[in-house]
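Undergrad: Sharing a structure with you now.
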Amino acid sequence: QVQVVESGGGLAQPGGSLRLSCAASGISFRVYTMAWYRQTPGKEREVVAVISTGSSTNYADSVKGRFTISRDNAKNTMYLQMNSLQPEDTAVYYCNARRFDIQRNYWGQGTQVTVSS
């Protein structure tokens with residue numbers, strides 16, 4: 001059974017930091033492209049950051065220089081370090097595990113991040 005579970009969300013003040021984690025089980029983690037998405041009410045889910053199987057990274061322009069995505073294949077876990085948080089970063093953050101060659105795509109249940117003073 002595949003499980004993708006996010007943790008680490010919560011309330012942060014503007015300018016503060018949070019670290020999200022995504023633990024995956026039931027998959028060969030190291031061969032999956034991993035990504036963080038976020039969604040706010042009434043808007044489409046948008047990609048925040050992506051990390052490839054070779055640990056190449058890409059970021060949405062809105063988070064470049066503030067967020068860092070990483071992965072630990074030994075722990076089957078992906079992270080998102082979020083610094084200099086802004087109210088516009090408030091959203092539900094979702095973990096995604098994708099393997100394009102066999103068309104596998106898994107989502108976590110989401111974790112709420114709220115940035116407010």
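We name chains A, B, ... following the order of the structure tokens; residues begin at 1 in each chain, and ligands are numbered from 1 as shown.
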Per residue of region 40-111 of chain A within 9 Å of region 23-29 of chain A, what are the shortest atom pair and its distance in Å to one decimal, counting only C-alpha atoms, with rows by chain and residue number, as a Markdown table?

TA:
```
| residue | atom | partner | partner_atom | distance |
| --- | --- | --- | --- | --- |
| A:Thr53 | CA | A:Phe29 | CA | 8.7 |
| A:Asn73 | CA | A:Phe29 | CA | 6.5 |
| A:Ala74 | CA | A:Phe29 | CA | 8.9 |
| A:Lys75 | CA | A:Ala23 | CA | 7.9 |
| A:Asn76 | CA | A:Phe29 | CA | 5.6 |
| A:Thr77 | CA | A:Ala23 | CA | 4.5 |
| A:Met78 | CA | A:Ala23 | CA | 6.6 |
| A:Tyr79 | CA | A:Ala23 | CA | 8.9 |
| A:Cys95 | CA | A:Ala23 | CA | 9.0 |
| A:Ala97 | CA | A:Phe29 | CA | 8.2 |
| A:Gly108 | CA | A:Ala24 | CA | 9.0 |
```

Undergrad: Create the file for the chosen residues now, containing N, CA, C and O atoms and written as a JSON list (two decimals), in the first residue's frame.

TA:
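That gives us result.json:
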```
[["chain", "number", "residue", "atom", "x", "y", "z"],
["A", 53, "THR", "N", 14.99, 12.59, -9.62],
["A", 53, "THR", "CA", 15.66, 11.43, -9.02],
["A", 53, "THR", "C", 17.16, 11.68, -8.84],
["A", 53, "THR", "O", 17.78, 11.10, -7.95],
["A", 73, "ASN", "N", 16.98, 9.88, 0.23],
["A", 73, "ASN", "CA", 16.51, 8.60, -0.28],
["A", 73, "ASN", "C", 16.65, 7.48, 0.76],
["A", 73, "ASN", "O", 15.89, 6.51, 0.74],
["A", 74, "ALA", "N", 17.60, 7.61, 1.66],
["A", 74, "ALA", "CA", 17.77, 6.59, 2.70],
["A", 74, "ALA", "C", 16.59, 6.59, 3.67],
["A", 74, "ALA", "O", 16.28, 5.56, 4.28],
["A", 75, "LYS", "N", 15.94, 7.75, 3.81],
["A", 75, "LYS", "CA", 14.80, 7.86, 4.73],
["A", 75, "LYS", "C", 13.46, 7.91, 3.99],
["A", 75, "LYS", "O", 12.42, 8.08, 4.62],
["A", 76, "ASN", "N", 13.49, 7.80, 2.66],
["A", 76, "ASN", "CA", 12.26, 7.89, 1.87],
["A", 76, "ASN", "C", 11.48, 9.16, 2.20],
["A", 76, "ASN", "O", 10.24, 9.14, 2.31],
["A", 77, "THR", "N", 12.19, 10.25, 2.32],
["A", 77, "THR", "CA", 11.58, 11.49, 2.77],
["A", 77, "THR", "C", 12.06, 12.67, 1.93],
["A", 77, "THR", "O", 13.22, 12.75, 1.55],
["A", 78, "MET", "N", 11.13, 13.58, 1.68],
["A", 78, "MET", "CA", 11.41, 14.83, 0.98],
["A", 78, "MET", "C", 11.11, 15.97, 1.94],
["A", 78, "MET", "O", 10.25, 15.84, 2.82],
["A", 79, "TYR", "N", 11.79, 17.08, 1.73],
["A", 79, "TYR", "CA", 11.63, 18.24, 2.62],
["A", 79, "TYR", "C", 11.40, 19.50, 1.81],
["A", 79, "TYR", "O", 11.78, 19.60, 0.65],
["A", 95, "CYS", "N", 2.29, 17.04, -1.09],
["A", 95, "CYS", "CA", 3.43, 16.28, -1.58],
["A", 95, "CYS", "C", 2.98, 15.42, -2.76],
["A", 95, "CYS", "O", 1.88, 14.84, -2.73],
["A", 97, "ALA", "N", 4.38, 12.41, -5.57],
["A", 97, "ALA", "CA", 5.40, 11.44, -6.01],
["A", 97, "ALA", "C", 4.99, 10.94, -7.38],
["A", 97, "ALA", "O", 3.88, 10.44, -7.55],
["A", 108, "GLY", "N", -0.22, 13.27, -1.31],
["A", 108, "GLY", "CA", -0.50, 13.25, 0.11],
["A", 108, "GLY", "C", -1.81, 13.95, 0.40],
["A", 108, "GLY", "O", -2.48, 14.46, -0.51]]
```

Undergrad: Contacts of region 84-86 of chain A at 6 Å or less, counting only C-alpha atoms, minus same-chain residues fewer than 5 places along, as a short mmCIF file (atom, residue, chain, number, x, y, z; two decimals) with C-alpha atoms, in the first residue's frame?

TA:
```
data_model
loop_
_atom_site.label_atom_id
_atom_site.label_comp_id
_atom_site.auth_asym_id
_atom_site.auth_seq_id
_atom_site.Cartn_x
_atom_site.Cartn_y
_atom_site.Cartn_z
CA PRO A 14 5.75 36.92 8.23
CA GLY A 15 9.49 36.57 7.80
CA GLY A 16 9.48 33.31 9.69
#
```

Undergrad: Nearest to Tyr37 (chain A): which of A:Val92, A:Leu18, A:Val4, A:Leu11 is it, counting only C-alpha atoms?

TA: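 Nearest to Tyr37 (chain A): A:Val92.
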
Undergrad: Using Å and a single decimal, report how far CA of Glu88 (chain A) sits from CA of Tyr32 (chain A).

TA: 28.9 Å

Undergrad: I need the residues in chain A that are helix (DSSP H, G or I) according to DSSP; give them as a PDB file with N, CA and C atoms, in the first residue's frame.

TA:
```
ATOM      1  N   PHE A  29      11.224   4.878  -3.532  1.00  0.00           N
ATOM      2  CA  PHE A  29      11.288   6.336  -3.432  1.00  0.00           C
ATOM      3  C   PHE A  29      12.331   6.939  -4.364  1.00  0.00           C
ATOM      4  N   ARG A  30      13.486   6.327  -4.443  1.00  0.00           N
ATOM      5  CA  ARG A  30      14.608   6.948  -5.162  1.00  0.00           C
ATOM      6  C   ARG A  30      14.350   7.094  -6.659  1.00  0.00           C
ATOM      7  N   VAL A  31      13.384   6.348  -7.205  1.00  0.00           N
ATOM      8  CA  VAL A  31      13.119   6.444  -8.649  1.00  0.00           C
ATOM      9  C   VAL A  31      11.906   7.322  -8.952  1.00  0.00           C
ATOM     10  N   PRO A  87       2.599  36.305   3.775  1.00  0.00           N
ATOM     11  CA  PRO A  87       1.179  35.915   3.838  1.00  0.00           C
ATOM     12  C   PRO A  87       0.697  35.219   2.555  1.00  0.00           C
ATOM     13  N   GLU A  88       1.278  35.586   1.432  1.00  0.00           N
ATOM     14  CA  GLU A  88       0.873  34.961   0.168  1.00  0.00           C
ATOM     15  C   GLU A  88       1.272  33.482   0.085  1.00  0.00           C
ATOM     16  N   ASP A  89       2.116  33.024   0.988  1.00  0.00           N
ATOM     17  CA  ASP A  89       2.491  31.615   1.027  1.00  0.00           C
ATOM     18  C   ASP A  89       1.450  30.756   1.751  1.00  0.00           C
TER      19      ASP A  89
END
```

Undergrad: Rank A:Phe100, A:Phe67, A:Trp107, A:Tyr94 by their smallest atom-to-atom distance to Thr33 (chain A), using only C-alpha atoms, and report the top residue only.

TA: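 Counting only C-alpha atoms, the residue closest to Thr33 (chain A) is A:Phe100.
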
Undergrad: So, with only C-alpha atoms as the atoms that count, which of A:Ala91, A:Arg98, A:Ser17, A:Ser62 lies closest to Met34 (chain A)?

TA: A:Arg98

Undergrad: Can you list, as a list of chain:residue names, every protein, DNA or RNA residue that comes within 9 Å of Val63 (chain A) when you count only C-alpha atoms, leaving out same-chain residues fewer than 4 positions away?

TA: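 Those residues are A:Val48, A:Ala49, A:Tyr59, A:Phe67, A:Thr68, A:Met82, A:Asp89.
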
Undergrad: Selection from above, C-alpha atoms, as a PDB file, in the first residue's frame, can you write it?

TA:
```
ATOM      1  CA  VAL A  48       6.046  25.084  -5.781  1.00  0.00           C
ATOM      2  CA  ALA A  49       9.204  23.029  -6.214  1.00  0.00           C
ATOM      3  CA  TYR A  59      11.221  26.329  -8.222  1.00  0.00           C
ATOM      4  CA  PHE A  67      12.350  27.870  -0.352  1.00  0.00           C
ATOM      5  CA  THR A  68      14.655  24.873  -0.644  1.00  0.00           C
ATOM      6  CA  MET A  82      10.534  27.641   3.746  1.00  0.00           C
ATOM      7  CA  ASP A  89       2.491  31.615   1.027  1.00  0.00           C
TER       8      ASP A  89
END
```

Undergrad: What is the CA of Ala12 (chain A) to CA of Gln112 (chain A) distance in Å?

TA: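 Computed distance, CA of Ala12 (chain A) to CA of Gln112 (chain A), equals 11.0 Å.
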